[in-house]
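As provided, entry20.txt (compact mmCIF, C-alpha atoms and all ligand atoms) reads as follows.
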# COMPACT_ATOMS: atom_id res chain seq x y z
CA MET A 1 -7.37 14.99 -20.56
CA GLY A 2 -8.24 15.57 -16.89
CA LYS A 3 -5.36 15.50 -14.45
CA ILE A 4 -4.51 12.81 -11.92
CA LEU A 5 -3.71 13.76 -8.32
CA VAL A 6 -1.73 11.42 -6.05
CA THR A 7 -1.58 12.01 -2.28
CA GLY A 8 1.16 10.51 -0.11
CA ALA A 9 3.30 10.38 -3.28
CA ALA A 10 6.67 10.34 -1.48
CA GLY A 11 5.93 7.02 0.24
CA GLN A 12 6.84 3.43 -0.56
CA ILE A 13 3.95 2.93 -2.99
CA GLY A 14 3.38 6.50 -4.21
CA SER A 15 6.98 6.90 -5.36
CA GLU A 16 6.55 3.98 -7.78
CA LEU A 17 2.87 4.44 -8.66
CA VAL A 18 3.51 8.04 -9.78
CA VAL A 19 6.29 6.85 -12.12
CA ALA A 20 3.93 4.25 -13.65
CA LEU A 21 1.10 6.77 -13.99
CA ARG A 22 3.42 9.36 -15.58
CA GLU A 23 4.68 6.77 -18.07
CA LYS A 24 1.10 5.87 -18.96
CA HIS A 25 -0.59 9.28 -19.00
CA GLY A 26 2.25 11.77 -19.53
CA GLU A 27 4.43 13.42 -16.92
CA GLU A 28 2.58 16.75 -16.93
CA ASN A 29 -0.78 15.04 -16.24
CA VAL A 30 0.11 13.50 -12.87
CA ILE A 31 0.42 15.82 -9.85
CA ALA A 32 2.40 14.23 -7.03
CA THR A 33 1.53 15.61 -3.59
CA ASP A 34 2.66 14.88 -0.06
CA ILE A 35 2.79 16.66 3.27
CA LEU A 36 6.59 16.49 2.82
CA LEU A 37 7.37 18.54 -0.30
CA LYS A 38 11.16 18.01 -0.08
CA ALA A 39 10.67 14.22 0.11
CA VAL A 40 8.41 14.18 -2.94
CA GLU A 41 10.85 16.37 -4.88
CA ARG A 42 13.71 14.04 -3.94
CA VAL A 43 12.02 10.80 -5.03
CA LEU A 44 10.14 12.29 -8.02
CA PRO A 45 12.46 15.04 -9.26
CA SER A 46 10.59 15.86 -12.49
CA GLY A 47 6.88 16.54 -13.12
CA PRO A 48 4.41 18.66 -11.14
CA ASN A 49 4.81 18.25 -7.37
CA GLU A 50 2.91 20.06 -4.59
CA GLN A 51 2.76 20.21 -0.82
CA VAL A 52 -0.70 19.05 0.31
CA ASP A 53 -1.77 17.97 3.80
CA VAL A 54 -4.83 15.75 3.24
CA THR A 55 -6.36 16.82 6.55
CA GLU A 56 -6.63 20.40 5.21
CA ILE A 57 -9.72 20.41 2.98
CA ARG A 58 -9.16 23.92 1.56
CA LYS A 59 -5.66 23.07 0.31
CA LEU A 60 -6.96 19.87 -1.27
CA GLN A 61 -9.88 21.73 -2.85
CA GLU A 62 -7.50 24.31 -4.31
CA ALA A 63 -5.24 21.62 -5.79
CA ILE A 64 -8.16 19.67 -7.33
CA GLY A 65 -9.77 22.86 -8.73
CA THR A 66 -6.59 24.57 -9.98
CA TRP A 67 -5.26 21.50 -11.78
CA GLY A 68 -8.65 20.29 -13.12
CA VAL A 69 -8.28 16.90 -11.43
CA THR A 70 -10.60 14.09 -12.62
CA THR A 71 -8.87 11.08 -10.98
CA ILE A 72 -7.40 10.76 -7.49
CA TYR A 73 -5.09 8.11 -6.02
CA HIS A 74 -5.35 8.77 -2.29
CA LEU A 75 -2.39 7.04 -0.63
CA ALA A 76 -1.52 9.32 2.31
CA ALA A 77 -1.87 7.42 5.59
CA ILE A 78 -0.24 6.45 8.88
CA LEU A 79 0.54 2.71 8.84
CA SER A 80 -0.05 0.01 11.45
CA ALA A 81 3.00 0.13 13.76
CA ALA A 82 3.26 3.93 13.64
CA GLY A 83 -0.49 4.07 14.27
CA GLU A 84 -0.17 2.00 17.45
CA LYS A 85 2.41 4.48 18.72
CA ASN A 86 0.10 7.39 17.96
CA PRO A 87 -3.51 6.24 17.53
CA GLN A 88 -5.02 9.76 17.55
CA THR A 89 -2.86 10.89 14.64
CA ALA A 90 -3.63 7.69 12.73
CA TRP A 91 -7.36 8.30 13.16
CA ASP A 92 -7.08 11.98 12.18
CA VAL A 93 -4.92 11.51 9.08
CA ASN A 94 -6.53 8.31 7.82
CA MET A 95 -10.19 9.17 8.44
CA LYS A 96 -10.19 12.94 7.88
CA GLY A 97 -8.00 12.55 4.81
CA LEU A 98 -10.33 9.99 3.24
CA GLN A 99 -13.48 11.91 4.12
CA ASN A 100 -12.02 15.09 2.58
CA ILE A 101 -11.14 13.24 -0.61
CA LEU A 102 -14.57 11.60 -0.93
CA GLU A 103 -16.46 14.79 -0.11
CA LEU A 104 -14.47 16.88 -2.60
CA SER A 105 -14.84 14.15 -5.24
CA ARG A 106 -18.62 14.30 -4.83
CA GLU A 107 -18.72 18.11 -4.81
CA LEU A 108 -16.28 18.74 -7.66
CA GLY A 109 -17.30 15.78 -9.86
CA VAL A 110 -14.01 13.83 -9.71
CA LYS A 111 -14.63 10.85 -12.01
CA ARG A 112 -12.70 8.06 -10.28
CA VAL A 113 -10.95 7.61 -6.91
CA TYR A 114 -8.48 4.95 -5.78
CA TRP A 115 -7.95 4.37 -2.07
CA PRO A 116 -5.95 1.43 -0.72
CA SER A 117 -7.30 -0.63 2.13
CA SER A 118 -5.21 -3.34 3.79
CA ILE A 119 -5.09 -6.86 5.19
CA ALA A 120 -5.17 -4.93 8.50
CA VAL A 121 -8.99 -4.77 8.22
CA PHE A 122 -9.02 -8.36 9.48
CA GLY A 123 -8.88 -9.40 13.11
CA PRO A 124 -9.32 -12.52 15.23
CA GLY A 125 -12.13 -15.05 14.91
CA ILE A 126 -12.04 -15.58 11.14
CA PRO A 127 -10.20 -18.17 9.00
CA ARG A 128 -6.53 -17.06 8.80
CA VAL A 129 -5.76 -19.18 5.75
CA LYS A 130 -7.40 -18.06 2.49
CA THR A 131 -9.43 -15.49 4.42
CA PRO A 132 -12.63 -14.93 2.41
CA GLN A 133 -13.60 -11.56 0.94
CA ASP A 134 -16.68 -11.15 3.12
CA VAL A 135 -16.08 -11.87 6.81
CA PRO A 136 -16.82 -9.75 9.89
CA LEU A 137 -14.14 -7.04 10.10
CA VAL A 138 -12.97 -6.71 13.70
CA PRO A 139 -9.46 -5.23 13.50
CA THR A 140 -7.43 -4.78 16.68
CA THR A 141 -5.19 -1.87 15.56
CA MET A 142 -6.18 1.77 15.06
CA TYR A 143 -4.80 1.52 11.51
CA GLY A 144 -7.05 -1.49 10.82
CA ILE A 145 -10.02 0.33 12.33
CA THR A 146 -9.45 3.30 9.98
CA LYS A 147 -9.20 0.92 7.01
CA ALA A 148 -12.39 -0.99 7.95
CA ALA A 149 -14.30 2.26 8.60
CA GLY A 150 -12.77 3.73 5.43
CA GLU A 151 -14.13 0.83 3.37
CA LEU A 152 -17.62 1.51 4.73
CA LEU A 153 -17.22 5.22 3.95
CA CYS A 154 -16.17 4.45 0.37
CA ASN A 155 -19.17 2.15 -0.04
CA TYR A 156 -21.45 4.87 1.37
CA TYR A 157 -20.17 7.51 -1.06
CA HIS A 158 -20.61 5.07 -3.92
CA GLN A 159 -24.14 4.00 -2.93
CA ARG A 160 -25.41 7.43 -1.94
CA TYR A 161 -23.60 9.82 -4.32
CA GLY A 162 -22.34 7.58 -7.12
CA VAL A 163 -18.65 8.36 -6.43
CA ASP A 164 -16.70 5.73 -8.42
CA VAL A 165 -14.27 4.78 -5.66
CA ARG A 166 -12.22 1.58 -5.96
CA SER A 167 -10.06 -0.19 -3.43
CA ILE A 168 -7.66 -3.07 -2.84
CA ARG A 169 -6.76 -4.63 0.50
CA TYR A 170 -3.02 -4.59 -0.22
CA PRO A 171 -0.94 -7.30 1.44
CA GLY A 172 2.49 -6.24 2.78
CA ILE A 173 4.28 -4.64 -0.17
CA ILE A 174 7.89 -5.62 -0.93
CA SER A 175 9.90 -3.12 -2.95
CA ASN A 176 13.38 -1.70 -3.51
CA LYS A 177 13.02 2.03 -4.30
CA VAL A 178 11.73 3.83 -1.17
CA PRO A 179 12.03 1.72 2.00
CA PRO A 180 8.80 1.26 3.98
CA HIS A 181 8.42 2.72 7.45
CA GLY A 182 5.84 2.48 10.18
CA GLY A 183 4.35 -0.84 9.03
CA THR A 184 4.28 -4.35 10.49
CA THR A 185 5.27 -6.03 7.22
CA ASP A 186 8.42 -3.83 6.92
CA TYR A 187 10.66 -6.74 8.05
CA ALA A 188 10.18 -8.44 4.69
CA VAL A 189 11.90 -5.48 3.00
CA ASP A 190 14.41 -4.64 5.79
CA MET A 191 15.70 -8.22 5.63
CA PHE A 192 16.86 -7.72 2.02
CA TYR A 193 18.59 -4.37 2.74
CA GLN A 194 20.41 -5.74 5.80
CA ALA A 195 21.31 -9.03 4.06
CA ILE A 196 23.04 -7.04 1.32
CA LEU A 197 24.57 -4.35 3.52
CA LYS A 198 25.55 -6.38 6.63
CA LYS A 199 24.81 -10.05 5.90
CA ARG A 200 22.80 -10.25 9.11
CA TYR A 201 19.37 -9.16 10.30
CA THR A 202 17.39 -9.14 13.53
CA CYS A 203 13.80 -9.77 12.55
CA PHE A 204 11.04 -8.30 14.73
CA VAL A 205 8.58 -11.17 14.20
CA ARG A 206 8.91 -14.90 14.96
CA GLU A 207 10.43 -17.22 12.37
CA ASP A 208 7.07 -19.00 11.84
CA THR A 209 5.11 -15.78 11.18
CA VAL A 210 3.29 -16.07 7.87
CA LEU A 211 1.68 -13.00 6.29
CA PRO A 212 0.27 -12.16 2.85
CA MET A 213 2.81 -10.16 0.80
CA MET A 214 3.14 -8.84 -2.74
CA TYR A 215 5.99 -7.60 -4.91
CA MET A 216 5.62 -3.96 -5.97
CA PRO A 217 5.39 -4.60 -9.75
CA ASP A 218 2.35 -6.84 -9.09
CA ALA A 219 0.83 -4.22 -6.75
CA ILE A 220 1.22 -1.44 -9.34
CA ARG A 221 -0.19 -3.65 -12.11
CA ALA A 222 -3.19 -4.62 -9.95
CA THR A 223 -3.88 -0.97 -9.08
CA LEU A 224 -3.83 0.11 -12.72
CA MET A 225 -5.97 -2.90 -13.74
CA LEU A 226 -8.63 -2.07 -11.17
CA MET A 227 -8.68 1.61 -12.15
CA ASP A 228 -8.93 0.71 -15.87
CA ALA A 229 -11.72 -1.84 -15.35
CA SER A 230 -15.12 -0.85 -16.74
CA PRO A 231 -17.62 0.29 -14.07
CA LYS A 232 -19.79 -2.73 -14.97
CA SER A 233 -17.04 -5.17 -14.00
CA VAL A 234 -16.36 -3.54 -10.63
CA THR A 235 -19.09 -4.98 -8.44
CA TYR A 236 -17.35 -4.18 -5.20
CA HIS A 237 -16.66 -0.70 -3.77
CA MET A 238 -15.08 -1.85 -0.52
CA GLY A 239 -11.53 -3.28 -0.51
CA HIS A 240 -10.82 -6.25 -2.79
CA ASN A 241 -8.82 -9.11 -1.29
CA LEU A 242 -5.65 -9.48 -3.36
CA ALA A 243 -3.23 -12.39 -3.05
CA GLY A 244 0.38 -12.37 -4.16
CA LEU A 245 2.74 -14.45 -2.03
CA SER A 246 2.50 -15.91 1.47
CA PHE A 247 5.61 -17.08 3.30
CA SER A 248 7.01 -17.24 6.81
CA ALA A 249 9.80 -14.91 7.94
CA GLY A 250 12.02 -18.02 8.23
CA GLU A 251 11.24 -19.10 4.66
CA LEU A 252 12.19 -15.63 3.42
CA ALA A 253 15.50 -15.75 5.30
CA ARG A 254 16.27 -19.18 3.77
CA GLU A 255 15.40 -17.93 0.26
CA ILE A 256 17.74 -14.93 0.68
CA LYS A 257 20.48 -17.25 1.98
CA LYS A 258 20.38 -19.12 -1.36
CA HIS A 259 21.75 -15.92 -2.94
CA ILE A 260 23.85 -14.65 0.00
CA PRO A 261 25.22 -17.81 1.65
CA GLY A 262 26.80 -15.97 4.63
CA PHE A 263 23.48 -14.33 5.61
CA THR A 264 22.27 -14.97 9.17
CA CYS A 265 18.95 -13.94 10.65
CA GLU A 266 17.83 -13.98 14.26
CA PHE A 267 14.24 -13.55 15.35
CA VAL A 268 13.49 -11.24 18.28
CA PRO A 269 9.78 -10.41 18.30
CA ASP A 270 8.64 -6.97 19.53
CA PHE A 271 5.21 -5.27 19.82
CA ARG A 272 4.60 -5.81 16.10
CA GLN A 273 4.30 -9.60 16.64
CA LYS A 274 0.87 -9.11 18.18
CA ILE A 275 -0.25 -7.09 15.17
CA ALA A 276 1.08 -9.73 12.75
CA ASP A 277 -0.68 -12.49 14.70
CA SER A 278 -4.01 -10.70 14.28
CA TRP A 279 -3.77 -10.68 10.45
CA PRO A 280 -4.42 -13.50 7.94
CA GLU A 281 -1.69 -15.80 6.62
CA SER A 282 -3.22 -15.71 3.14
CA VAL A 283 -6.35 -14.30 1.50
CA ASP A 284 -8.89 -15.59 -1.00
CA ASP A 285 -8.90 -13.15 -3.93
CA SER A 286 -11.46 -14.89 -6.14
CA VAL A 287 -13.62 -11.72 -6.43
CA ALA A 288 -10.69 -9.73 -7.91
CA ARG A 289 -9.83 -12.63 -10.22
CA ARG A 290 -13.43 -13.03 -11.39
CA ASP A 291 -14.37 -9.36 -11.74
CA TRP A 292 -11.30 -7.72 -13.22
CA GLY A 293 -8.98 -10.56 -14.17
CA TRP A 294 -6.38 -10.31 -11.39
CA LYS A 295 -3.50 -12.83 -11.39
CA PRO A 296 -0.10 -12.28 -9.70
CA LYS A 297 3.14 -12.84 -11.64
CA TYR A 298 5.77 -13.10 -8.90
CA ASN A 299 6.43 -15.98 -6.49
CA LEU A 300 8.88 -16.10 -3.57
CA ALA A 301 11.80 -17.26 -5.74
CA THR A 302 11.34 -14.73 -8.57
CA MET A 303 10.63 -11.82 -6.20
CA THR A 304 13.75 -12.64 -4.13
CA GLU A 305 15.95 -12.94 -7.22
CA ASP A 306 14.76 -9.57 -8.53
CA MET A 307 15.10 -7.79 -5.16
CA ILE A 308 18.68 -9.02 -4.76
CA LYS A 309 19.57 -8.08 -8.33
CA GLU A 310 18.18 -4.52 -7.93
CA LEU A 311 19.54 -3.82 -4.44
CA GLY A 312 22.85 -5.56 -5.17
CA ALA A 313 23.43 -3.32 -8.21
CA ARG A 314 22.78 -0.21 -6.12
CA ALA A 315 25.08 -1.46 -3.34
CA LYS A 316 27.91 -1.97 -5.88
CA GLN A 317 27.52 1.68 -6.95
CA GLY A 318 27.63 2.74 -3.29
CA LYS A 319 24.06 4.01 -3.54
CA LEU A 320 22.35 1.74 -1.01
CA ALA A 321 21.56 2.90 2.49
CA ALA A 322 18.99 1.25 4.76
P1 LIG B 401 4.18 5.37 3.37
O1 LIG B 401 4.12 5.55 4.83
O2 LIG B 401 5.43 4.89 2.75
O3 LIG B 401 3.76 6.72 2.65
C1 LIG B 401 2.70 7.52 3.11
C2 LIG B 401 2.97 8.94 2.68
O4 LIG B 401 1.91 9.75 3.20
C3 LIG B 401 4.30 9.50 3.24
O5 LIG B 401 5.09 10.01 2.19
C4 LIG B 401 3.85 10.63 4.17
O6 LIG B 401 4.71 11.75 4.18
C5 LIG B 401 2.48 10.98 3.60
N1 LIG B 401 1.59 11.62 4.57
C6 LIG B 401 1.44 11.33 5.90
N2 LIG B 401 0.55 12.17 6.45
C7 LIG B 401 0.10 12.98 5.46
C8 LIG B 401 -0.83 14.04 5.40
N3 LIG B 401 -1.49 14.46 6.50
N4 LIG B 401 -1.06 14.63 4.21
C9 LIG B 401 -0.39 14.25 3.10
N5 LIG B 401 0.53 13.27 3.10
C10 LIG B 401 0.76 12.63 4.26
O7 LIG B 401 2.95 4.42 2.98
P2 LIG B 401 2.82 3.44 1.74
O8 LIG B 401 3.40 2.14 2.14
O9 LIG B 401 3.28 4.08 0.50
O10 LIG B 401 1.24 3.24 1.72
C11 LIG B 401 0.40 3.97 0.84
C12 LIG B 401 -1.02 3.51 1.09
O11 LIG B 401 -1.13 2.11 0.88
C13 LIG B 401 -1.52 3.76 2.53
O12 LIG B 401 -2.89 4.10 2.49
C14 LIG B 401 -1.36 2.42 3.19
O13 LIG B 401 -2.27 2.25 4.23
C15 LIG B 401 -1.67 1.48 2.03
N6 LIG B 401 -1.09 0.16 2.24
C16 LIG B 401 0.27 0.00 2.20
C17 LIG B 401 0.80 -1.27 2.39
C18 LIG B 401 2.29 -1.51 2.35
O14 LIG B 401 2.73 -2.62 2.64
N7 LIG B 401 3.10 -0.51 2.00
C19 LIG B 401 -0.04 -2.36 2.64
C20 LIG B 401 -1.42 -2.14 2.73
C21 LIG B 401 -1.94 -0.87 2.48
N1 LIG B 402 2.12 -3.06 5.30
C1 LIG B 402 1.08 -2.46 6.07
C2 LIG B 402 1.49 -2.39 7.51
O1 LIG B 402 2.25 -3.25 7.91
C3 LIG B 402 -0.19 -3.28 5.96
O2 LIG B 402 -1.21 -2.42 5.63
O3 LIG B 402 1.05 -1.53 8.21

Produce structure tokens that represent the structure in this file.
Ligand code: NAD
Ligand code: SER
Amino acid sequence: MGKILVTGAAGQIGSELVVALREKHGEENVIATDILLKAVERVLPSGPNEQVDVTEIRKLQEAIGTWGVTTIYHLAAILSAAGEKNPQTAWDVNMKGLQNILELSRELGVKRVYWPSSIAVFGPGIPRVKTPQDVPLVPTTMYGITKAAGELLCNYYHQRYGVDVRSIRYPGIISNKVPPHGGTTDYAVDMFYQAILKKRYTCFVREDTVLPMMYMPDAIRATLMLMDASPKSVTYHMGHNLAGLSFSAGELAREIKKHIPGFTCEFVPDFRQKIADSWPESVDDSVARRDWGWKPKYNLATMTEDMIKELGARAKQGKLAA
């Protein structure tokens, strides 16, 4: 069997996707890479791990060639809020990294590539509720610009060179293993950690801010479903809209309060409010449902219950830090 290479493996999604891929394909067949080797070794202590900076094409080429890689999950990126603080770095890492991956996939015959896009591809002037799959993409953040341009680049490599690249426009991902950082949707995870650790949270978006979100087990399942789908059933090589949950920051706080009655949340918007206001409240994912059978399992109540159970158990063992 050809090997699977994951970039950005130490991050919020990579740390859980690698575990799922290793369970499915065997530990020795999944190479976890990140620019931060110590971080990847800490979150994924067993299995092959390597230090790879995706902006360095020679290092990537060496890893793909040496390991005999046939599938790549390219996750390394700078997210929206971090990208607004440093737009040049966001452009360099997100665009150069993706171009290197696509170019090496073409050259070295990598069979399938996964690259996540984001709800950040959307901008003003389109329906914000049930945003359709195909609308003009006019993002207002550098992160969103790299995702919209990245989708076009993926489509180009598919049309011109036949690279089988697949993509999902992930909503904000909620999870309990590696905390997110540098994103605008991070508040939806921070709120759980702080509710459990301190019973209070200062949220950086307004109470009425609604964004599309998804619980990590659904995100991992969707990713594996898309990558397993037959080429005939994948009609789309730009990002697929994918819906999970949509709720306001206030609704989330009230749901958490059902489990932690003393929890209080105040809302003090910062620069991330503007980013959140430029994104949809919910997306129409009928293409993903039609083409490869997507359907989410978690709703706000079941996601909240599971998050509190998982984080609460870790807090009791003294193993939870924000
Ligand atoms: P993350 O920030 O948690 O992890 C990204 C990882 O990339 C980090 O471990 C970081 O060290 C690594 N990295 C940064 N620069 C690198 C470089 N030059 N070379 C190699 N590695 C580098 O991000 P995440 O939340 O796990 O997101 C993974 C992917 O999913 C990204 O492409 C992101 O845009 C996309 N996405 C995430 C969300 C979300 O809510 N988490 C939503 C939409 C899309
Ligand atoms: N969760 C991501 C962010 O907030 C969306 O892509 O940046």

All residues 12 Å or closer to Val189 in chain A, all atoms listed in the file, same chain fewer than 5 positions away omitted, as a PDB file with C-alpha atoms, in the frame of the given file:
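Written output follows (selection_39.pdb):
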ATOM      1  CA  GLN A  12       6.840   3.430  -0.560  1.00  0.00           C
ATOM      2  CA  GLY A 172       2.490  -6.240   2.780  1.00  0.00           C
ATOM      3  CA  ILE A 173       4.280  -4.640  -0.170  1.00  0.00           C
ATOM      4  CA  ILE A 174       7.890  -5.620  -0.930  1.00  0.00           C
ATOM      5  CA  SER A 175       9.900  -3.120  -2.950  1.00  0.00           C
ATOM      6  CA  ASN A 176      13.380  -1.700  -3.510  1.00  0.00           C
ATOM      7  CA  LYS A 177      13.020   2.030  -4.300  1.00  0.00           C
ATOM      8  CA  VAL A 178      11.730   3.830  -1.170  1.00  0.00           C
ATOM      9  CA  PRO A 179      12.030   1.720   2.000  1.00  0.00           C
ATOM     10  CA  PRO A 180       8.800   1.260   3.980  1.00  0.00           C
ATOM     11  CA  HIS A 181       8.420   2.720   7.450  1.00  0.00           C
ATOM     12  CA  GLY A 183       4.350  -0.840   9.030  1.00  0.00           C
ATOM     13  CA  THR A 184       4.280  -4.350  10.490  1.00  0.00           C
ATOM     14  CA  GLN A 194      20.410  -5.740   5.800  1.00  0.00           C
ATOM     15  CA  ALA A 195      21.310  -9.030   4.060  1.00  0.00           C
ATOM     16  CA  ILE A 196      23.040  -7.040   1.320  1.00  0.00           C
ATOM     17  CA  TYR A 201      19.370  -9.160  10.300  1.00  0.00           C
ATOM     18  CA  CYS A 203      13.800  -9.770  12.550  1.00  0.00           C
ATOM     19  CA  MET A 213       2.810 -10.160   0.800  1.00  0.00           C
ATOM     20  CA  MET A 214       3.140  -8.840  -2.740  1.00  0.00           C
ATOM     21  CA  TYR A 215       5.990  -7.600  -4.910  1.00  0.00           C
ATOM     22  CA  MET A 216       5.620  -3.960  -5.970  1.00  0.00           C
ATOM     23  CA  ALA A 249       9.800 -14.910   7.940  1.00  0.00           C
ATOM     24  CA  LEU A 252      12.190 -15.630   3.420  1.00  0.00           C
ATOM     25  CA  ALA A 253      15.500 -15.750   5.300  1.00  0.00           C
ATOM     26  CA  ILE A 256      17.740 -14.930   0.680  1.00  0.00           C
ATOM     27  CA  MET A 303      10.630 -11.820  -6.200  1.00  0.00           C
ATOM     28  CA  THR A 304      13.750 -12.640  -4.130  1.00  0.00           C
ATOM     29  CA  MET A 307      15.100  -7.790  -5.160  1.00  0.00           C
ATOM     30  CA  ILE A 308      18.680  -9.020  -4.760  1.00  0.00           C
ATOM     31  CA  LEU A 311      19.540  -3.820  -4.440  1.00  0.00           C
ATOM     32  CA  ALA A 322      18.990   1.250   4.760  1.00  0.00           C
TER      33      ALA A 322
END

Quiz item: Counting all atoms listed in the file, what is within 10 Å of Pro48 in chain A, bar same-chain residues fewer than 2 positions away, as a PyMOL selection string?
Solution: chain A and resi 5+27-33+41+44-46+50

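With only C-alpha atoms as the atoms that count, the residue of A:Thr89, A:Pro171, A:Ala321, A:Met227 with the shortest distance to Asp190 in chain A is A:Ala321.
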
Which residues are near Gly162 in chain A? Cut-off 12 Å, all atoms listed in the file, ignore same chain within fewer than 4 positions. Put them as a PDB file with C-alpha atoms, in the coordinates of the input.
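Ended up saving to out-v7.pdb:
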ATOM      1  CA  LEU A 102     -14.570  11.600  -0.930  1.00  0.00           C
ATOM      2  CA  GLU A 103     -16.460  14.790  -0.110  1.00  0.00           C
ATOM      3  CA  SER A 105     -14.840  14.150  -5.240  1.00  0.00           C
ATOM      4  CA  ARG A 106     -18.620  14.300  -4.830  1.00  0.00           C
ATOM      5  CA  GLU A 107     -18.720  18.110  -4.810  1.00  0.00           C
ATOM      6  CA  GLY A 109     -17.300  15.780  -9.860  1.00  0.00           C
ATOM      7  CA  VAL A 110     -14.010  13.830  -9.710  1.00  0.00           C
ATOM      8  CA  LYS A 111     -14.630  10.850 -12.010  1.00  0.00           C
ATOM      9  CA  ARG A 112     -12.700   8.060 -10.280  1.00  0.00           C
ATOM     10  CA  VAL A 113     -10.950   7.610  -6.910  1.00  0.00           C
ATOM     11  CA  CYS A 154     -16.170   4.450   0.370  1.00  0.00           C
ATOM     12  CA  ASN A 155     -19.170   2.150  -0.040  1.00  0.00           C
ATOM     13  CA  TYR A 156     -21.450   4.870   1.370  1.00  0.00           C
ATOM     14  CA  TYR A 157     -20.170   7.510  -1.060  1.00  0.00           C
ATOM     15  CA  HIS A 158     -20.610   5.070  -3.920  1.00  0.00           C
ATOM     16  CA  ARG A 166     -12.220   1.580  -5.960  1.00  0.00           C
ATOM     17  CA  PRO A 231     -17.620   0.290 -14.070  1.00  0.00           C
ATOM     18  CA  HIS A 237     -16.660  -0.700  -3.770  1.00  0.00           C
TER      19      HIS A 237
END

Practice problem: Using all atoms listed in the file, determine which residues fall within 6 Å of ligand LIG 401 (chain B), then list them as number ranges by chain. | Solution: A: 7-14, 34-36, 52-55, 75-79, 93, 116-118, 170-173, 180-181

Quiz item: So how far away is CA of Asn100 in chain A from CA of Glu23 in chain A, in Å?
Solution: 27.8 Å

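Considering the residues A:Tyr161, A:Tyr143, A:Phe122, A:Phe267 and counting all atoms listed in the file, ligand LIG 402 (chain B) has its shortest atom-to-atom contact with A:Tyr143.
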
Contacts of range 123-129 of chain A at 10 Å or less, counting all atoms listed in the file, minus same-chain residues fewer than 6 places along, as a JSON list (two decimals) with C-alpha atoms, in the coordinates of the input?
[["chain", "number", "residue", "atom", "x", "y", "z"],
["A", 135, "VAL", "CA", -16.08, -11.87, 6.81],
["A", 136, "PRO", "CA", -16.82, -9.75, 9.89],
["A", 137, "LEU", "CA", -14.14, -7.04, 10.10],
["A", 138, "VAL", "CA", -12.97, -6.71, 13.70],
["A", 139, "PRO", "CA", -9.46, -5.23, 13.50],
["A", 140, "THR", "CA", -7.43, -4.78, 16.68],
["A", 141, "THR", "CA", -5.19, -1.87, 15.56],
["A", 144, "GLY", "CA", -7.05, -1.49, 10.82],
["A", 145, "ILE", "CA", -10.02, 0.33, 12.33],
["A", 210, "VAL", "CA", 3.29, -16.07, 7.87],
["A", 211, "LEU", "CA", 1.68, -13.00, 6.29],
["A", 212, "PRO", "CA", 0.27, -12.16, 2.85],
["A", 246, "SER", "CA", 2.50, -15.91, 1.47],
["A", 275, "ILE", "CA", -0.25, -7.09, 15.17],
["A", 276, "ALA", "CA", 1.08, -9.73, 12.75],
["A", 277, "ASP", "CA", -0.68, -12.49, 14.70],
["A", 278, "SER", "CA", -4.01, -10.70, 14.28],
["A", 279, "TRP", "CA", -3.77, -10.68, 10.45],
["A", 280, "PRO", "CA", -4.42, -13.50, 7.94],
["A", 281, "GLU", "CA", -1.69, -15.80, 6.62],
["A", 282, "SER", "CA", -3.22, -15.71, 3.14],
["A", 283, "VAL", "CA", -6.35, -14.30, 1.50],
["A", 284, "ASP", "CA", -8.89, -15.59, -1.00]]

Exercise. Find, counting all atoms listed in the file, the residue in A:Asp285, A:Asp270, A:Glu310, A:Glu56 that gets nearest to His240 in chain A.
Key: A:Asp285

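Among A:Val6, A:Ala82, A:Val165, A:Val19, the residue with the shortest atom-to-atom distance to ligand LIG 402 (chain B), counting all atoms listed in the file, is A:Ala82.
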
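Between CA of Leu320 in chain A and CA of Gly262 in chain A lies a distance of 19.1 Å.
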
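Remark: for Ala301 in chain A, the closest of the candidate residues A:Arg289, A:Arg272, A:Lys257, A:His25 is A:Lys257 (distances computed over all atoms listed in the file).
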
Quiz item: So which one's closest to ligand LIG 402 (chain B), A:Ala20, A:Leu37, A:Ile119, A:Met95? Using all atoms listed in the file, please.
Solution: A:Ile119

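Interatomic distance, CA of Lys274 in chain A against CA of Phe204 in chain A: 10.8 Å.
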
Quiz item: Near Thr223 in chain A, counting only C-alpha atoms, which residues have an atom at most 10 Å away, once you skip same-chain residues fewer than 3 positions from it, shown as a PyMOL selection string?
Solution: chain A and resi 17+73+114-116+166-168+170+217-220+226-228+294
